2 protein chains.
Amino acid sequence: MGYTISQVAKKFDLTAHTIRYYDKEGLLPFVDRSKTGNREFSDDDLDWIKLICCLKNTGMPIRQIKQYIEWCLLGDETLEIRRQMFIDHRKEVLRQMEDLKENLKMIDHKLKCYDKSCNISPNTKQLHSL
Amino acid sequence: MGYTISQVAKKFDLTAHTIRYYDKEGLLPFVDRSKTGNREFSDDDLDWIKLICCLKNTGMPIRQIKQYIEWCLLGDETLEIRRQMFIDHRKEVLRQMEDLKENLKMIDHKLKCYDKSCNISPNTKQLHSL
DNA sequence: ATAAACCTTAGAGTCTACTCTAAGTCAAGT
DNA sequence: ACTTGACTTAGAGTAGACTCTAAGGTTTAT
């Protein structure tokens, strides 16, 4: 049967506008159309979109995601370069996690200062960390 | 003595343009000027900028950072609201870390598939995870 | 004294990623 | 038959965060 654009939008917390934008940018060349020209998303398509969202949410720019999709369409010839892309991107994500950890330290430090200034006891403090 | 704008830029891996932009947006109302009108950054100013970068790098929009700076200028009256801001932002950072962790899982899974497709042995694989 | 290397401002331009609008097609319900 | 509510397109507009330009001031070295 397949899913409509608004069903997919809801599933991935996107808008139909955004999905059409991704399609226009070349991120969804695999999506089929119904006789009336409407996009019809298969379960496989949902997997692609899931991966696209993963890459997007880890900071990969749309044109690089497009590059990846293009490599996928080219077949086995591009397996090694795609693998390398994931190796590099993995490193980048680990870097982001490290950065967040560092920044969290500073926020926790600031919060400790504010708890002191506001005369919040450690006990009360536990309430808002839940 | 104090630091010049380009010294501060280098220190925080920003450009002088960006620092002036932050100033124009109201993020640096505390920075003094020399007799000739140049910005002169103190060590205290560097601490402020460090915090601003921390908030910016954890996804806080500039106008919210500006709001925070304004609250700071108002004094103790705003202590509680500033503390609440940090509590909320901390939650947001934890959420980002969770999201990254989830996305990393998917990237690792993809990578495993690519290692298989490229006939990479687990031993060889260890090389690129270093 | 004049060039180099800083700094200043206002304001224009750019990039990314949407976000929306207008005009239109199609299928289903009353 | 006609309204409602999906969907379609091309293309314009927006938001955020820079990024750069032009025109000019000051300090330092030759």
# chains A, B, ... in the order shown; residues from 1 in each chain; ligands from 1
>>> residues_around(residues="Ile62 (chain B)", least_positions_apart="2", cutoff="9 Å", atoms="only C-alpha atoms (C1' of nucleotides)", output="list in words")
Tyr22, Glu25, Leu27, Ile52, Leu55, Lys56, Met60, Gln64, Ile65, Lys66 and Gln67 of chain B; DG16 and DA17 of chain D
>>> closest_atom_pairs(of="chain B", to="chain D", cutoff="10 Å", atoms="only C-alpha atoms (C1' of nucleotides)", output="JSON lines")
{"residue": "B:Thr15", "atom": "CA", "partner": "D:DT19", "partner_atom": "C1'", "distance": 9.5}
{"residue": "B:His17", "atom": "CA", "partner": "D:DT19", "partner_atom": "C1'", "distance": 7.3}
{"residue": "B:Thr18", "atom": "CA", "partner": "D:DC18", "partner_atom": "C1'", "distance": 6.7}
{"residue": "B:Tyr21", "atom": "CA", "partner": "D:DC18", "partner_atom": "C1'", "distance": 8.0}
{"residue": "B:Tyr22", "atom": "CA", "partner": "D:DC18", "partner_atom": "C1'", "distance": 9.9}
{"residue": "B:Thr36", "atom": "CA", "partner": "D:DT26", "partner_atom": "C1'", "distance": 7.3}
{"residue": "B:Gly37", "atom": "CA", "partner": "D:DG25", "partner_atom": "C1'", "distance": 9.6}
{"residue": "B:Asn38", "atom": "CA", "partner": "D:DT26", "partner_atom": "C1'", "distance": 9.9}
{"residue": "B:Pro61", "atom": "CA", "partner": "D:DG16", "partner_atom": "C1'", "distance": 8.2}
{"residue": "B:Ile62", "atom": "CA", "partner": "D:DA17", "partner_atom": "C1'", "distance": 8.6}
{"residue": "B:Arg63", "atom": "CA", "partner": "D:DG16", "partner_atom": "C1'", "distance": 10.0}
>>> write_last_selection(atoms="N, CA and C atoms", output="mmCIF file, in the first residue's frame")
data_model
loop_
_atom_site.group_PDB
_atom_site.id
_atom_site.type_symbol
_atom_site.label_atom_id
_atom_site.label_comp_id
_atom_site.auth_asym_id
_atom_site.auth_seq_id
_atom_site.Cartn_x
_atom_site.Cartn_y
_atom_site.Cartn_z
ATOM 1 N N THR B 15 36.175 34.560 14.884
ATOM 2 C CA THR B 15 36.803 35.650 14.148
ATOM 3 C C THR B 15 36.469 36.955 14.865
ATOM 4 N N HIS B 17 35.247 39.455 13.471
ATOM 5 C CA HIS B 17 33.909 39.757 12.947
ATOM 6 C C HIS B 17 32.821 39.174 13.850
ATOM 7 N N THR B 18 32.996 37.918 14.200
ATOM 8 C CA THR B 18 31.995 37.226 15.013
ATOM 9 C C THR B 18 31.868 37.873 16.388
ATOM 10 N N TYR B 21 30.002 40.971 16.094
ATOM 11 C CA TYR B 21 28.592 40.598 15.903
ATOM 12 C C TYR B 21 27.944 40.270 17.252
ATOM 13 N N TYR B 22 28.618 39.510 18.091
ATOM 14 C CA TYR B 22 28.089 39.175 19.409
ATOM 15 C C TYR B 22 27.890 40.446 20.227
ATOM 16 N N THR B 36 41.317 55.131 22.451
ATOM 17 C CA THR B 36 41.102 55.254 21.000
ATOM 18 C C THR B 36 39.855 54.515 20.525
ATOM 19 N N GLY B 37 39.081 53.974 21.467
ATOM 20 C CA GLY B 37 37.811 53.353 21.085
ATOM 21 C C GLY B 37 37.876 51.866 20.782
ATOM 22 N N ASN B 38 39.059 51.282 20.935
ATOM 23 C CA ASN B 38 39.186 49.828 20.693
ATOM 24 C C ASN B 38 38.685 49.029 21.888
ATOM 25 N N PRO B 61 20.154 29.630 21.413
ATOM 26 C CA PRO B 61 20.145 30.722 20.436
ATOM 27 C C PRO B 61 20.679 32.011 21.060
ATOM 28 N N ILE B 62 21.238 32.847 20.194
ATOM 29 C CA ILE B 62 21.878 34.083 20.650
ATOM 30 C C ILE B 62 20.932 34.978 21.440
ATOM 31 N N ARG B 63 19.673 35.063 21.032
ATOM 32 C CA ARG B 63 18.781 35.977 21.769
ATOM 33 C C ARG B 63 18.489 35.465 23.186
#
>>> closest_atom_pairs(of="chain B", to="chain C", cutoff="12 Å", atoms="only C-alpha atoms (C1' of nucleotides)", output="tab-separated table")
residue	atom	partner	partner_atom	distance
B:Thr4	CA	C:DC7	C1'	8.9
B:Ile5	CA	C:DC7	C1'	8.7
B:Ser6	CA	C:DC6	C1'	9.3
B:Gln7	CA	C:DC6	C1'	11.5
B:Ala16	CA	C:DC7	C1'	10.5
B:His17	CA	C:DT8	C1'	11.7
B:Arg20	CA	C:DT8	C1'	10.4
B:Tyr21	CA	C:DT9	C1'	11.8
B:Lys24	CA	C:DT9	C1'	10.9
B:Arg33	CA	C:DT8	C1'	11.1
B:Ser34	CA	C:DC7	C1'	10.6
B:Lys35	CA	C:DC7	C1'	11.9
B:Thr36	CA	C:DC7	C1'	8.7
B:Gly37	CA	C:DT8	C1'	7.2
B:Asn38	CA	C:DC7	C1'	6.1
B:Arg39	CA	C:DC7	C1'	8.6
B:Glu40	CA	C:DC7	C1'	10.9
>>> interface_residues(of="chain A", to="chain B", cutoff="6 Å", atoms="only C-alpha atoms", output="VMD selection string")
chain A and resid 54 83 103 114
>>> write_last_selection(atoms="N, CA, C and O atoms", output="compact mmCIF listing (two decimals), in the first residue's frame")
# COMPACT_ATOMS: atom_id res chain seq x y z
N CYS A 54 19.04 10.46 10.92
CA CYS A 54 20.18 10.19 11.79
C CYS A 54 21.37 11.04 11.40
O CYS A 54 22.01 11.67 12.25
N ARG A 83 31.88 3.56 3.25
CA ARG A 83 32.35 3.07 4.54
C ARG A 83 33.24 4.13 5.20
O ARG A 83 33.11 4.42 6.39
N ASN A 103 31.07 20.77 28.00
CA ASN A 103 30.17 21.90 28.24
C ASN A 103 29.23 21.61 29.41
O ASN A 103 28.88 22.52 30.17
N TYR A 114 24.79 28.76 41.38
CA TYR A 114 23.45 29.33 41.53
C TYR A 114 22.71 28.69 42.69
O TYR A 114 21.96 29.36 43.40
>>> calpha_fit_and_write(fixed="chain A", moving="chain B", output="PDB file with C-alpha atoms, in the first residue's frame")
ATOM      1  CA  MET B   1      -0.043   0.066  -0.010  1.00  0.00           C
ATOM      2  CA  GLY B   2       2.531   2.611   1.167  1.00  0.00           C
ATOM      3  CA  TYR B   3       2.454   5.755   3.264  1.00  0.00           C
ATOM      4  CA  THR B   4       1.446   9.273   2.258  1.00  0.00           C
ATOM      5  CA  ILE B   5       3.745  12.222   2.761  1.00  0.00           C
ATOM      6  CA  SER B   6       1.849  13.452   5.816  1.00  0.00           C
ATOM      7  CA  GLN B   7       1.921  10.010   7.434  1.00  0.00           C
ATOM      8  CA  VAL B   8       5.690   9.913   6.991  1.00  0.00           C
ATOM      9  CA  ALA B   9       5.967  13.479   8.249  1.00  0.00           C
ATOM     10  CA  LYS B  10       4.110  12.575  11.437  1.00  0.00           C
ATOM     11  CA  LYS B  11       6.218   9.433  11.923  1.00  0.00           C
ATOM     12  CA  PHE B  12       9.500  11.362  11.781  1.00  0.00           C
ATOM     13  CA  ASP B  13       8.311  14.588  13.363  1.00  0.00           C
ATOM     14  CA  LEU B  14       8.927  16.522  10.165  1.00  0.00           C
ATOM     15  CA  THR B  15       6.505  18.520   8.025  1.00  0.00           C
ATOM     16  CA  ALA B  16       5.347  17.490   4.551  1.00  0.00           C
ATOM     17  CA  HIS B  17       7.032  20.701   3.372  1.00  0.00           C
ATOM     18  CA  THR B  18      10.346  19.520   4.771  1.00  0.00           C
ATOM     19  CA  ILE B  19      10.055  16.100   3.143  1.00  0.00           C
ATOM     20  CA  ARG B  20       9.322  17.708  -0.238  1.00  0.00           C
ATOM     21  CA  TYR B  21      12.318  19.958   0.336  1.00  0.00           C
ATOM     22  CA  TYR B  22      14.512  16.906   1.003  1.00  0.00           C
ATOM     23  CA  ASP B  23      13.149  15.308  -2.160  1.00  0.00           C
ATOM     24  CA  LYS B  24      13.894  18.451  -4.171  1.00  0.00           C
ATOM     25  CA  GLU B  25      17.422  18.459  -2.762  1.00  0.00           C
ATOM     26  CA  GLY B  26      17.957  14.927  -4.050  1.00  0.00           C
ATOM     27  CA  LEU B  27      17.737  13.031  -0.759  1.00  0.00           C
ATOM     28  CA  LEU B  28      14.775  10.852  -1.760  1.00  0.00           C
ATOM     29  CA  PRO B  29      15.311   9.725  -5.390  1.00  0.00           C
ATOM     30  CA  PHE B  30      13.968   6.255  -4.530  1.00  0.00           C
ATOM     31  CA  VAL B  31      10.433   7.312  -3.571  1.00  0.00           C
ATOM     32  CA  ASP B  32       7.730   6.065  -5.983  1.00  0.00           C
ATOM     33  CA  ARG B  33       4.611   7.879  -7.141  1.00  0.00           C
ATOM     34  CA  SER B  34       0.979   6.747  -7.374  1.00  0.00           C
ATOM     35  CA  LYS B  35      -0.959   7.012 -10.675  1.00  0.00           C
ATOM     36  CA  THR B  36      -2.116  10.452  -9.590  1.00  0.00           C
ATOM     37  CA  GLY B  37       1.451  11.622  -8.986  1.00  0.00           C
ATOM     38  CA  ASN B  38       1.451  11.486  -5.185  1.00  0.00           C
ATOM     39  CA  ARG B  39       4.509  10.217  -3.358  1.00  0.00           C
ATOM     40  CA  GLU B  40       4.063   6.691  -2.022  1.00  0.00           C
ATOM     41  CA  PHE B  41       6.549   5.699   0.679  1.00  0.00           C
ATOM     42  CA  SER B  42       7.400   2.028   1.241  1.00  0.00           C
ATOM     43  CA  ASP B  43       8.793   0.506   4.438  1.00  0.00           C
ATOM     44  CA  ASP B  44      12.191   0.468   2.779  1.00  0.00           C
ATOM     45  CA  ASP B  45      11.801   4.188   2.097  1.00  0.00           C
ATOM     46  CA  LEU B  46      11.128   4.717   5.807  1.00  0.00           C
ATOM     47  CA  ASP B  47      14.455   3.040   6.578  1.00  0.00           C
ATOM     48  CA  TRP B  48      16.193   5.417   4.196  1.00  0.00           C
ATOM     49  CA  ILE B  49      14.509   8.391   5.813  1.00  0.00           C
ATOM     50  CA  LYS B  50      15.445   7.104   9.249  1.00  0.00           C
ATOM     51  CA  LEU B  51      19.090   7.059   8.178  1.00  0.00           C
ATOM     52  CA  ILE B  52      18.791  10.500   6.597  1.00  0.00           C
ATOM     53  CA  CYS B  53      17.366  11.862   9.866  1.00  0.00           C
ATOM     54  CA  CYS B  54      20.178  10.207  11.798  1.00  0.00           C
ATOM     55  CA  LEU B  55      22.809  11.868   9.631  1.00  0.00           C
ATOM     56  CA  LYS B  56      20.980  15.200   9.695  1.00  0.00           C
ATOM     57  CA  ASN B  57      20.551  15.094  13.486  1.00  0.00           C
ATOM     58  CA  THR B  58      24.250  14.438  13.952  1.00  0.00           C
ATOM     59  CA  GLY B  59      25.073  17.570  11.998  1.00  0.00           C
ATOM     60  CA  MET B  60      25.746  16.292   8.505  1.00  0.00           C
ATOM     61  CA  PRO B  61      24.855  18.988   5.934  1.00  0.00           C
ATOM     62  CA  ILE B  62      22.185  18.120   3.392  1.00  0.00           C
ATOM     63  CA  ARG B  63      24.527  18.239   0.404  1.00  0.00           C
ATOM     64  CA  GLN B  64      26.773  15.627   2.032  1.00  0.00           C
ATOM     65  CA  ILE B  65      23.787  13.376   2.727  1.00  0.00           C
ATOM     66  CA  LYS B  66      22.887  13.860  -0.937  1.00  0.00           C
ATOM     67  CA  GLN B  67      26.395  12.834  -1.916  1.00  0.00           C
ATOM     68  CA  TYR B  68      25.969   9.670   0.151  1.00  0.00           C
ATOM     69  CA  ILE B  69      22.622   8.832  -1.491  1.00  0.00           C
ATOM     70  CA  GLU B  70      24.235   9.310  -4.908  1.00  0.00           C
ATOM     71  CA  TRP B  71      27.055   6.936  -3.946  1.00  0.00           C
ATOM     72  CA  CYS B  72      24.454   4.377  -2.859  1.00  0.00           C
ATOM     73  CA  LEU B  73      22.772   4.593  -6.262  1.00  0.00           C
ATOM     74  CA  LEU B  74      26.091   3.898  -7.989  1.00  0.00           C
ATOM     75  CA  GLY B  75      26.304   0.450  -6.345  1.00  0.00           C
ATOM     76  CA  ASP B  76      29.190  -1.613  -5.025  1.00  0.00           C
ATOM     77  CA  GLU B  77      31.774   0.538  -6.737  1.00  0.00           C
ATOM     78  CA  THR B  78      31.311   3.116  -3.962  1.00  0.00           C
ATOM     79  CA  LEU B  79      31.190   0.730  -0.979  1.00  0.00           C
ATOM     80  CA  GLU B  80      34.645   1.668   0.277  1.00  0.00           C
ATOM     81  CA  ILE B  81      34.098   5.426   0.040  1.00  0.00           C
ATOM     82  CA  ARG B  82      30.742   5.123   1.808  1.00  0.00           C
ATOM     83  CA  ARG B  83      32.344   3.078   4.554  1.00  0.00           C
ATOM     84  CA  GLN B  84      35.019   5.751   4.932  1.00  0.00           C
ATOM     85  CA  MET B  85      32.305   8.396   5.189  1.00  0.00           C
ATOM     86  CA  PHE B  86      30.761   6.544   8.120  1.00  0.00           C
ATOM     87  CA  ILE B  87      34.150   6.123   9.771  1.00  0.00           C
ATOM     88  CA  ASP B  88      34.748   9.867   9.496  1.00  0.00           C
ATOM     89  CA  HIS B  89      31.251  10.769  10.587  1.00  0.00           C
ATOM     90  CA  ARG B  90      31.484   8.433  13.571  1.00  0.00           C
ATOM     91  CA  LYS B  91      34.599  10.298  14.689  1.00  0.00           C
ATOM     92  CA  GLU B  92      32.731  13.567  14.304  1.00  0.00           C
ATOM     93  CA  VAL B  93      29.842  12.295  16.449  1.00  0.00           C
ATOM     94  CA  LEU B  94      32.266  11.145  19.162  1.00  0.00           C
ATOM     95  CA  ARG B  95      33.801  14.612  19.073  1.00  0.00           C
ATOM     96  CA  GLN B  96      30.367  16.166  19.519  1.00  0.00           C
ATOM     97  CA  MET B  97      29.718  13.898  22.514  1.00  0.00           C
ATOM     98  CA  GLU B  98      33.025  14.906  24.083  1.00  0.00           C
ATOM     99  CA  ASP B  99      32.227  18.580  23.512  1.00  0.00           C
ATOM    100  CA  LEU B 100      28.821  18.173  25.132  1.00  0.00           C
ATOM    101  CA  LYS B 101      30.405  16.419  28.086  1.00  0.00           C
ATOM    102  CA  GLU B 102      32.864  19.295  28.554  1.00  0.00           C
ATOM    103  CA  ASN B 103      30.138  21.907  28.263  1.00  0.00           C
ATOM    104  CA  LEU B 104      27.941  19.993  30.687  1.00  0.00           C
ATOM    105  CA  LYS B 105      30.721  20.265  33.252  1.00  0.00           C
ATOM    106  CA  MET B 106      30.613  24.034  32.975  1.00  0.00           C
ATOM    107  CA  ILE B 107      26.817  24.107  33.196  1.00  0.00           C
ATOM    108  CA  ASP B 108      26.922  21.895  36.290  1.00  0.00           C
ATOM    109  CA  HIS B 109      29.483  24.200  37.838  1.00  0.00           C
ATOM    110  CA  LYS B 110      27.341  27.264  37.120  1.00  0.00           C
ATOM    111  CA  LEU B 111      24.330  25.480  38.532  1.00  0.00           C
ATOM    112  CA  LYS B 112      26.216  24.688  41.707  1.00  0.00           C
ATOM    113  CA  CYS B 113      26.993  28.392  42.079  1.00  0.00           C
ATOM    114  CA  TYR B 114      23.363  29.332  41.514  1.00  0.00           C
ATOM    115  CA  ASP B 115      22.166  26.727  44.000  1.00  0.00           C
ATOM    116  CA  LYS B 116      24.511  28.306  46.523  1.00  0.00           C
ATOM    117  CA  SER B 117      23.353  31.858  45.687  1.00  0.00           C
ATOM    118  CA  CYS B 118      19.721  30.820  45.891  1.00  0.00           C
ATOM    119  CA  ASN B 119      20.344  28.941  49.165  1.00  0.00           C
ATOM    120  CA  ILE B 120      19.135  25.678  47.744  1.00  0.00           C
ATOM    121  CA  SER B 121      20.033  22.664  49.894  1.00  0.00           C
ATOM    122  CA  PRO B 122      21.531  19.548  48.267  1.00  0.00           C
ATOM    123  CA  ASN B 123      18.263  17.784  49.077  1.00  0.00           C
ATOM    124  CA  THR B 124      16.103  20.276  47.269  1.00  0.00           C
ATOM    125  CA  LYS B 125      18.607  20.184  44.458  1.00  0.00           C
ATOM    126  CA  GLN B 126      17.902  16.529  43.832  1.00  0.00           C
ATOM    127  CA  LEU B 127      14.325  17.354  42.980  1.00  0.00           C
ATOM    128  CA  HIS B 128      15.168  19.204  39.823  1.00  0.00           C
ATOM    129  CA  SER B 129      17.777  16.763  38.623  1.00  0.00           C
ATOM    130  CA  LEU B 130      15.110  14.102  38.235  1.00  0.00           C
TER     131      LEU B 130
END
>>> select_by_dssp(residues="chain B", states="strand (DSSP E)", output="NGL selection string")
:B and (32-33 or 39-40)
>>> write_last_selection(atoms="all heavy atoms", output="PDB file, in the first residue's frame")
ATOM      1  N   ASP B  32      35.106  46.850  28.006  1.00  0.00           N
ATOM      2  CA  ASP B  32      35.557  48.248  28.027  1.00  0.00           C
ATOM      3  C   ASP B  32      36.244  48.638  26.727  1.00  0.00           C
ATOM      4  O   ASP B  32      36.576  47.779  25.911  1.00  0.00           O
ATOM      5  CB  ASP B  32      36.529  48.461  29.197  1.00  0.00           C
ATOM      6  CG  ASP B  32      35.784  48.600  30.520  1.00  0.00           C
ATOM      7  OD1 ASP B  32      34.582  48.930  30.486  1.00  0.00           O
ATOM      8  OD2 ASP B  32      36.402  48.358  31.577  1.00  0.00           O
ATOM      9  N   ARG B  33      36.453  49.953  26.585  1.00  0.00           N
ATOM     10  CA  ARG B  33      37.148  50.479  25.410  1.00  0.00           C
ATOM     11  C   ARG B  33      38.409  51.231  25.847  1.00  0.00           C
ATOM     12  O   ARG B  33      38.441  51.826  26.931  1.00  0.00           O
ATOM     13  CB  ARG B  33      36.239  51.459  24.647  1.00  0.00           C
ATOM     14  CG  ARG B  33      34.928  50.874  24.133  1.00  0.00           C
ATOM     15  CD  ARG B  33      35.175  49.748  23.145  1.00  0.00           C
ATOM     16  NE  ARG B  33      33.902  49.215  22.637  1.00  0.00           N
ATOM     17  CZ  ARG B  33      33.546  49.318  21.351  1.00  0.00           C
ATOM     18  NH1 ARG B  33      34.331  49.896  20.472  1.00  0.00           N
ATOM     19  NH2 ARG B  33      32.397  48.797  20.961  1.00  0.00           N
ATOM     20  N   ARG B  39      38.102  47.874  21.605  1.00  0.00           N
ATOM     21  CA  ARG B  39      37.674  46.997  22.693  1.00  0.00           C
ATOM     22  C   ARG B  39      38.892  46.475  23.462  1.00  0.00           C
ATOM     23  O   ARG B  39      39.887  46.064  22.854  1.00  0.00           O
ATOM     24  CB  ARG B  39      36.866  45.817  22.142  1.00  0.00           C
ATOM     25  CG  ARG B  39      35.485  46.199  21.641  1.00  0.00           C
ATOM     26  CD  ARG B  39      34.817  45.038  20.930  1.00  0.00           C
ATOM     27  NE  ARG B  39      33.574  45.459  20.273  1.00  0.00           N
ATOM     28  CZ  ARG B  39      33.528  46.039  19.093  1.00  0.00           C
ATOM     29  NH1 ARG B  39      34.630  46.292  18.420  1.00  0.00           N
ATOM     30  NH2 ARG B  39      32.355  46.378  18.578  1.00  0.00           N
ATOM     31  N   GLU B  40      38.774  46.477  24.784  1.00  0.00           N
ATOM     32  CA  GLU B  40      39.850  45.943  25.621  1.00  0.00           C
ATOM     33  C   GLU B  40      39.257  44.882  26.535  1.00  0.00           C
ATOM     34  O   GLU B  40      38.479  45.202  27.437  1.00  0.00           O
ATOM     35  CB  GLU B  40      40.463  47.066  26.464  1.00  0.00           C
ATOM     36  CG  GLU B  40      41.900  47.388  26.091  1.00  0.00           C
ATOM     37  CD  GLU B  40      42.461  48.489  26.972  1.00  0.00           C
ATOM     38  OE1 GLU B  40      41.780  48.930  27.922  1.00  0.00           O
ATOM     39  OE2 GLU B  40      43.595  48.927  26.712  1.00  0.00           O
TER      40      GLU B  40
END
>>> select_by_dssp(residues="chain B", states="helix (DSSP H, G or I)", output="PyMOL selection string")
chain B and resi 5-12+16-24+43-57+62-74+76-117+122-128
